[in-house]
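**Q** So that you have it, the file is work-v9.txt, and it contains compact mmCIF, C-alpha atoms:
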```txt
# COMPACT_ATOMS: atom_id res chain seq x y z
CA MET D 1 0.00 0.00 0.00
CA ILE D 2 1.31 3.42 -0.95
CA ASP D 3 1.69 6.17 1.65
CA GLU D 4 -1.27 8.60 1.59
CA LYS D 5 0.93 11.70 1.25
CA LEU D 6 2.80 10.12 -1.65
CA ALA D 7 -0.46 9.07 -3.33
CA GLU D 8 -1.62 12.69 -3.09
CA ALA D 9 1.63 13.87 -4.70
CA PHE D 10 1.15 11.35 -7.52
CA ASN D 11 -2.45 12.47 -8.06
CA ASP D 12 -1.31 16.08 -8.25
CA GLN D 13 1.35 15.13 -10.80
CA ILE D 14 -1.12 13.10 -12.85
CA ASN D 15 -3.18 16.29 -13.14
CA LYS D 16 -0.04 18.21 -14.24
CA GLU D 17 0.70 15.59 -16.90
CA LEU D 18 -2.87 15.69 -18.21
CA TYR D 19 -2.75 19.50 -18.24
CA SER D 20 0.48 19.25 -20.26
CA GLU D 21 -1.30 17.03 -22.78
CA TYR D 22 -4.12 19.57 -22.99
CA LEU D 23 -1.72 22.53 -23.30
CA TYR D 24 0.26 20.85 -26.08
CA HIS D 25 -2.95 20.00 -27.88
CA ALA D 26 -3.84 23.72 -27.82
CA MET D 27 -0.38 24.54 -29.17
CA LYS D 28 -0.84 21.94 -31.89
CA ILE D 29 -4.04 23.73 -32.94
CA TYR D 30 -2.16 27.05 -32.94
CA PHE D 31 0.36 25.63 -35.43
CA GLN D 32 -2.42 24.06 -37.51
CA GLU D 33 -3.82 27.56 -37.91
CA LEU D 34 -0.37 28.70 -39.16
CA ASN D 35 -0.25 25.72 -41.55
CA LEU D 36 3.09 24.58 -40.11
CA GLN D 37 2.50 20.84 -40.29
CA GLY D 38 5.94 19.88 -38.96
CA PHE D 39 5.27 21.86 -35.79
CA VAL D 40 1.83 20.22 -35.67
CA ASN D 41 3.57 16.85 -35.78
CA TRP D 42 6.05 17.86 -33.07
CA PHE D 43 3.20 18.84 -30.74
CA ASP D 44 1.21 15.72 -31.65
CA VAL D 45 4.14 13.65 -30.38
CA GLN D 46 4.21 15.79 -27.22
CA VAL D 47 0.49 15.17 -26.68
CA GLN D 48 1.04 11.41 -26.91
CA GLU D 49 4.06 11.53 -24.60
CA GLU D 50 2.25 13.49 -21.91
CA ARG D 51 -0.70 11.09 -22.05
CA ALA D 52 1.71 8.15 -21.67
CA HIS D 53 3.35 9.86 -18.68
CA ALA D 54 -0.02 10.32 -16.97
CA VAL D 55 -1.10 6.74 -17.72
CA GLY D 56 2.20 5.43 -16.33
CA MET D 57 1.55 7.21 -13.04
CA ILE D 58 -2.09 6.11 -12.97
CA ASN D 59 -1.05 2.49 -13.48
CA TYR D 60 1.64 2.77 -10.81
CA LEU D 61 -0.79 4.25 -8.29
CA ASN D 62 -3.31 1.49 -9.04
CA ASP D 63 -0.62 -1.19 -8.75
CA ARG D 64 0.36 0.15 -5.32
CA GLY D 65 -3.20 0.16 -4.01
CA GLY D 66 -3.57 3.92 -4.13
CA LYS D 67 -6.71 5.75 -5.13
CA VAL D 68 -6.51 7.65 -8.42
CA ASP D 69 -8.24 11.01 -8.11
CA LEU D 70 -8.77 12.59 -11.52
CA ARG D 71 -9.26 16.31 -11.16
CA ALA D 72 -10.47 19.15 -13.35
CA ILE D 73 -7.95 20.24 -15.96
CA ASP D 74 -7.43 23.98 -16.26
CA LYS D 75 -8.05 25.67 -19.58
CA PRO D 76 -4.72 25.90 -21.42
CA VAL D 77 -3.36 29.36 -22.04
CA ILE D 78 -0.74 29.78 -24.75
CA GLU D 79 1.78 32.48 -23.97
CA GLY D 80 3.21 34.10 -27.08
CA SER D 81 2.15 34.89 -30.59
CA THR D 82 5.14 33.62 -32.58
CA PRO D 83 6.69 30.16 -32.86
CA LEU D 84 9.68 31.41 -30.85
CA GLU D 85 7.50 32.77 -28.05
CA VAL D 86 5.41 29.60 -27.97
CA PHE D 87 8.53 27.47 -27.59
CA GLU D 88 9.81 29.76 -24.84
CA HIS D 89 6.51 28.99 -23.10
CA VAL D 90 7.06 25.27 -23.70
CA LEU D 91 10.47 25.44 -22.04
CA ARG D 92 9.09 27.30 -19.02
CA HIS D 93 6.32 24.71 -18.77
CA GLU D 94 8.73 21.76 -18.98
CA GLU D 95 10.90 23.36 -16.28
CA PHE D 96 7.78 23.67 -14.11
CA VAL D 97 6.90 20.00 -14.71
CA THR D 98 10.46 19.04 -13.78
CA SER D 99 10.12 20.96 -10.51
CA ARG D 100 6.86 19.16 -9.74
CA ILE D 101 8.31 15.71 -10.46
CA ASN D 102 11.21 16.61 -8.19
CA HIS D 103 8.61 17.44 -5.53
CA VAL D 104 7.05 13.98 -5.88
CA MET D 105 10.55 12.50 -5.53
CA ASP D 106 11.07 14.58 -2.37
CA VAL D 107 7.89 13.07 -0.90
CA ALA D 108 8.97 9.55 -1.94
CA GLU D 109 12.33 10.12 -0.21
CA GLU D 110 10.59 11.51 2.87
CA VAL D 111 8.40 8.42 3.25
CA ARG D 112 11.29 6.16 2.17
CA ASP D 113 9.39 4.52 -0.72
CA ARG D 114 12.15 3.00 -2.83
CA ALA D 115 9.77 1.62 -5.46
CA ALA D 116 8.38 5.10 -6.07
CA MET D 117 11.91 6.55 -6.18
CA HIS D 118 12.86 4.00 -8.82
CA LEU D 119 9.84 4.92 -10.95
CA LEU D 120 10.40 8.65 -10.48
CA ASP D 121 14.04 8.31 -11.51
CA TRP D 122 12.74 7.40 -15.00
CA TYR D 123 10.54 10.52 -15.06
CA ILE D 124 13.42 12.73 -13.94
CA LYS D 125 15.62 11.40 -16.75
CA GLU D 126 12.74 11.89 -19.19
CA GLN D 127 12.46 15.54 -18.14
CA VAL D 128 16.15 16.08 -18.92
CA GLU D 129 15.42 14.81 -22.44
CA GLU D 130 12.25 16.92 -22.72
CA GLU D 131 14.03 20.13 -21.75
CA ALA D 132 16.96 19.37 -24.07
CA ASN D 133 14.60 18.69 -26.99
CA VAL D 134 12.74 21.96 -26.47
CA SER D 135 15.99 23.87 -25.97
CA GLY D 136 17.24 22.54 -29.30
CA VAL D 137 14.16 23.78 -31.16
CA LEU D 138 14.39 27.10 -29.33
CA ALA D 139 18.04 27.55 -30.29
CA THR D 140 17.16 26.97 -33.93
CA LEU D 141 14.22 29.38 -33.78
CA ARG D 142 16.48 32.05 -32.27
CA LEU D 143 19.06 31.44 -34.96
CA ILE D 144 16.64 31.74 -37.86
CA GLY D 145 14.94 34.89 -36.54
CA ASP D 146 12.50 36.25 -39.15
CA ASP D 147 13.81 34.09 -42.02
CA LYS D 148 10.63 32.44 -43.40
CA LYS D 149 12.59 30.00 -45.58
CA ALA D 150 14.56 28.81 -42.57
CA LEU D 151 11.32 28.47 -40.59
CA LEU D 152 9.92 26.25 -43.35
CA MET D 153 13.10 24.16 -43.28
CA LEU D 154 12.72 23.69 -39.52
CA ASP D 155 9.05 22.83 -40.06
CA LYS D 156 10.09 20.12 -42.51
CA ASP D 157 12.61 18.79 -40.01
CA LEU D 158 10.04 18.67 -37.18
CA ALA D 159 7.73 16.63 -39.41
CA THR D 160 10.11 13.67 -39.04
CA ARG D 161 9.64 13.29 -35.28
CA THR D 162 7.81 10.12 -34.29
CA PHE D 163 6.20 8.90 -31.09
CA VAL D 164 7.77 5.89 -29.45
CA ALA D 165 5.75 4.51 -26.56
CA PRO D 166 7.89 4.76 -23.45
CA VAL D 167 8.79 1.85 -21.23
CA ILE D 168 8.25 3.56 -17.89
CA GLY D 169 10.05 2.41 -14.80
```
For this file, write the structure as structure tokens.

**A**
Amino acid sequence: MIDEKLAEAFNDQINKELYSEYLYHAMKIYFQELNLQGFVNWFDVQVQEERAHAVGMINYLNDRGGKVDLRAIDKPVIEGSTPLEVFEHVLRHEEFVTSRINHVMDVAEEVRDRAAMHLLDWYIKEQVEEEANVSGVLATLRLIGDDKKALLMLDKDLATRTFVAPVIG
């Protein structure tokens, strides 16, 4: 049986993961409106990844005898009106998610739940990858500035990203 405080931290993080899915879906729609299909693809992969992250935590909580408490998901708000500004928002959001996963790890350490720490170690490593991925796109967007041809080249590159279902834990 999972500690009640840790179960609460997991439920809070499940909500954050589902909000991330919702936010990235809104960003996907933003790029659909700009007709940048590579960006649409990039965000579609993000949507799938965030859903997988939430499901992984839901399954873990169920496996440990905890109660899953699905909560209302806030309306997503996209900060920015350019691809660069949107990706700056994505990076801030991923850094926030990292801080929240670290909080869940803090609770797991506090209650000395080694199984949870093992699972959360995977999520922490995943966040390093997430932030690096976003930082790479951001660096390219900063480099290309207002060059529309370069933006279209980046769009073409982002169209090649594919979703690979994670093996969590």

**Q** With only C-alpha atoms as the basis for distance, which of D:Gly145, D:Gly136, D:Pro166, D:Pro76 is at the shortest distance from Met27 (chain D)?

**A**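 Closest to Met27 (chain D), using only C-alpha atoms: D:Pro76.
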
**Q** Between CA of Ile2 (chain D) and CA of Arg64 (chain D), measure the distance and give it in Å to one decimal.

**A**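 Pair CA of Ile2 (chain D) / CA of Arg64 (chain D) returns 5.5 Å.
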
**Q** Can you list, as an mmCIF file with C-alpha atoms, in the frame of the given file, every protein, DNA or RNA residue that comes within 10 Å of region 57-62 of chain D when you count only C-alpha atoms, leaving out same-chain residues fewer than 6 positions away?

**A**
```
data_model
loop_
_atom_site.group_PDB
_atom_site.id
_atom_site.type_symbol
_atom_site.label_atom_id
_atom_site.label_comp_id
_atom_site.auth_asym_id
_atom_site.auth_seq_id
_atom_site.Cartn_x
_atom_site.Cartn_y
_atom_site.Cartn_z
ATOM 1 C CA MET D 1 0.000 0.000 0.000
ATOM 2 C CA ILE D 2 1.310 3.420 -0.950
ATOM 3 C CA LEU D 6 2.800 10.120 -1.650
ATOM 4 C CA ALA D 7 -0.460 9.070 -3.330
ATOM 5 C CA GLU D 8 -1.620 12.690 -3.090
ATOM 6 C CA PHE D 10 1.150 11.350 -7.520
ATOM 7 C CA ASN D 11 -2.450 12.470 -8.060
ATOM 8 C CA GLN D 13 1.350 15.130 -10.800
ATOM 9 C CA ILE D 14 -1.120 13.100 -12.850
ATOM 10 C CA GLU D 17 0.700 15.590 -16.900
ATOM 11 C CA VAL D 68 -6.510 7.650 -8.420
ATOM 12 C CA ASP D 69 -8.240 11.010 -8.110
ATOM 13 C CA LEU D 70 -8.770 12.590 -11.520
ATOM 14 C CA ALA D 115 9.770 1.620 -5.460
ATOM 15 C CA ALA D 116 8.380 5.100 -6.070
ATOM 16 C CA LEU D 119 9.840 4.920 -10.950
ATOM 17 C CA LEU D 120 10.400 8.650 -10.480
ATOM 18 C CA TYR D 123 10.540 10.520 -15.060
ATOM 19 C CA ILE D 168 8.250 3.560 -17.890
ATOM 20 C CA GLY D 169 10.050 2.410 -14.800
#
```

**Q** So how many Å separate CA of Phe87 (chain D) and CA of Val137 (chain D), to one decimal?

**A** 7.6 Å

**Q** Can you tell me which residues surround Leu23 (chain D) at a distance of at most 9 Å, considering only C-alpha atoms, apart from same-chain residues fewer than 3 positions away, and format the answer as JSON, numbers by chain?

**A** {"D": [18, 19, 20, 26, 27, 28, 47, 75, 76, 77, 78]}

**Q** What's the separation between CA of Asn133 (chain D) and CA of Val90 (chain D), in Å to one decimal place?

**A**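 Spanning CA of Asn133 (chain D) to CA of Val90 (chain D) is a straight-line distance of 10.5 Å.
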
**Q** Here is a test: counting all atoms listed in the file, which residue of D:Glu79, D:Glu131, D:Asp121, D:Asp63 is nearest to Glu94 (chain D)?

**A** D:Glu131

**Q** Could you tell me which of D:Trp122, D:Asn102, D:Ser81, D:Leu36 comes closest to Met153 (chain D) if we count only C-alpha atoms?

**A**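 Comparing D:Trp122, D:Asn102, D:Ser81, D:Leu36 against Met153 (chain D), the winner is D:Leu36.
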
**Q** Please provide as a short mmCIF file (atom, residue, chain, number, x, y, z; two decimals) with C-alpha atoms, in the frame of the given file all residues within 12 Å of Val45 (chain D), with the sequence filter that same-chain residues fewer than 5 positions apart are discarded (counting all atoms listed in the file).

**A**
```
data_model
loop_
_atom_site.label_atom_id
_atom_site.label_comp_id
_atom_site.auth_asym_id
_atom_site.auth_seq_id
_atom_site.Cartn_x
_atom_site.Cartn_y
_atom_site.Cartn_z
CA GLU D 21 -1.30 17.03 -22.78
CA TYR D 24 0.26 20.85 -26.08
CA HIS D 25 -2.95 20.00 -27.88
CA MET D 27 -0.38 24.54 -29.17
CA LYS D 28 -0.84 21.94 -31.89
CA GLY D 38 5.94 19.88 -38.96
CA PHE D 39 5.27 21.86 -35.79
CA VAL D 40 1.83 20.22 -35.67
CA GLU D 50 2.25 13.49 -21.91
CA ARG D 51 -0.70 11.09 -22.05
CA ALA D 52 1.71 8.15 -21.67
CA GLU D 130 12.25 16.92 -22.72
CA LEU D 158 10.04 18.67 -37.18
CA ALA D 159 7.73 16.63 -39.41
CA THR D 160 10.11 13.67 -39.04
CA ARG D 161 9.64 13.29 -35.28
CA THR D 162 7.81 10.12 -34.29
CA PHE D 163 6.20 8.90 -31.09
CA VAL D 164 7.77 5.89 -29.45
CA ALA D 165 5.75 4.51 -26.56
CA PRO D 166 7.89 4.76 -23.45
#
```

**Q** From the set D:Val167, D:Ala139, D:Ala150, D:Ala9, which residue has the shortest atom-to-atom contact distance to Glu85 (chain D), counting only C-alpha atoms?

**A**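 Residue with the minimum atom-to-atom distance to Glu85 (chain D): D:Ala139.
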
**Q** Which residue, D:Lys125, D:Leu141, D:Val134, D:Asp12, has the smallest gap to Ala72 (chain D) when you use all atoms listed in the file?

**A**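 Checking each of D:Lys125, D:Leu141, D:Val134, D:Asp12 against Ala72 (chain D), counting all atoms listed in the file, the winner is D:Asp12.
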